[in-house]
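J.: Here it is, the structure, as structure tokens.
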Amino acid sequence: MTRDEAQAEAATLNAEHPDRDRFHWFVREVDGDWSVARVPSPGGSAPQHLTTSHPGKQPSPPDDHPTDLPGGVPPWAAGGG
């Protein structure tokens with residue numbers, strides 16, 4: 001099978017196969033021979049499209065190392081001697 005034949009077959013399977021909602025077909029080459037391979041679709045549904053989300057700025061977690069300790073000396077400055 002040529003690459004063009006494999007691509008045409010994969011396109012037909014992806015468009016018309018009864019299990020197209022559960023599987024996706026693509027072409028692959030092994031030792032110069034082209035074939036069509038079937039893989040399960042994520043979640044058993046139609047092929048998914050990648051998207052990105054922008055949730056906005058996440059709040060900063062509280063500081064577990066406050067600098068306002070007794071004596072006014074931050075913990076990293078004490079004992080630097």
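Within each chain, counting starts at residue 1; across the structure tokens, chains are named A, B, ... in the order shown, with ligands numbered 1 upward in that order.
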Taking 5 positions as the minimum chain separation for residues in the same chain, which residues sit within 10 Å of Ala10 (chain A) when counting only C-alpha atoms? Answer as number ranges by chain.
T.: A: 4-5, 15-17, 24-27, 35-38
J.: Quick one: pull the distance between CA of Pro18 (chain A) and CA of Arg3 (chain A), Å, one decimal.
T.: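 Going from CA of Pro18 (chain A) over to CA of Arg3 (chain A), I get 23.7 Å.
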J.: Go ahead and compute the interatomic distance for CA of Asp21 (chain A) and CA of Gln7 (chain A), in Å to one decimal.
T.: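 We find that CA of Asp21 (chain A) and CA of Gln7 (chain A) lie 18.8 Å from each other.
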J.: Mind giving me the straight-line distance from CA of Thr2 (chain A) to CA of Gly32 (chain A) in Å, one decimal?
T.: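 Atom-to-atom, CA of Thr2 (chain A) to CA of Gly32 (chain A), that is 9.2 Å.
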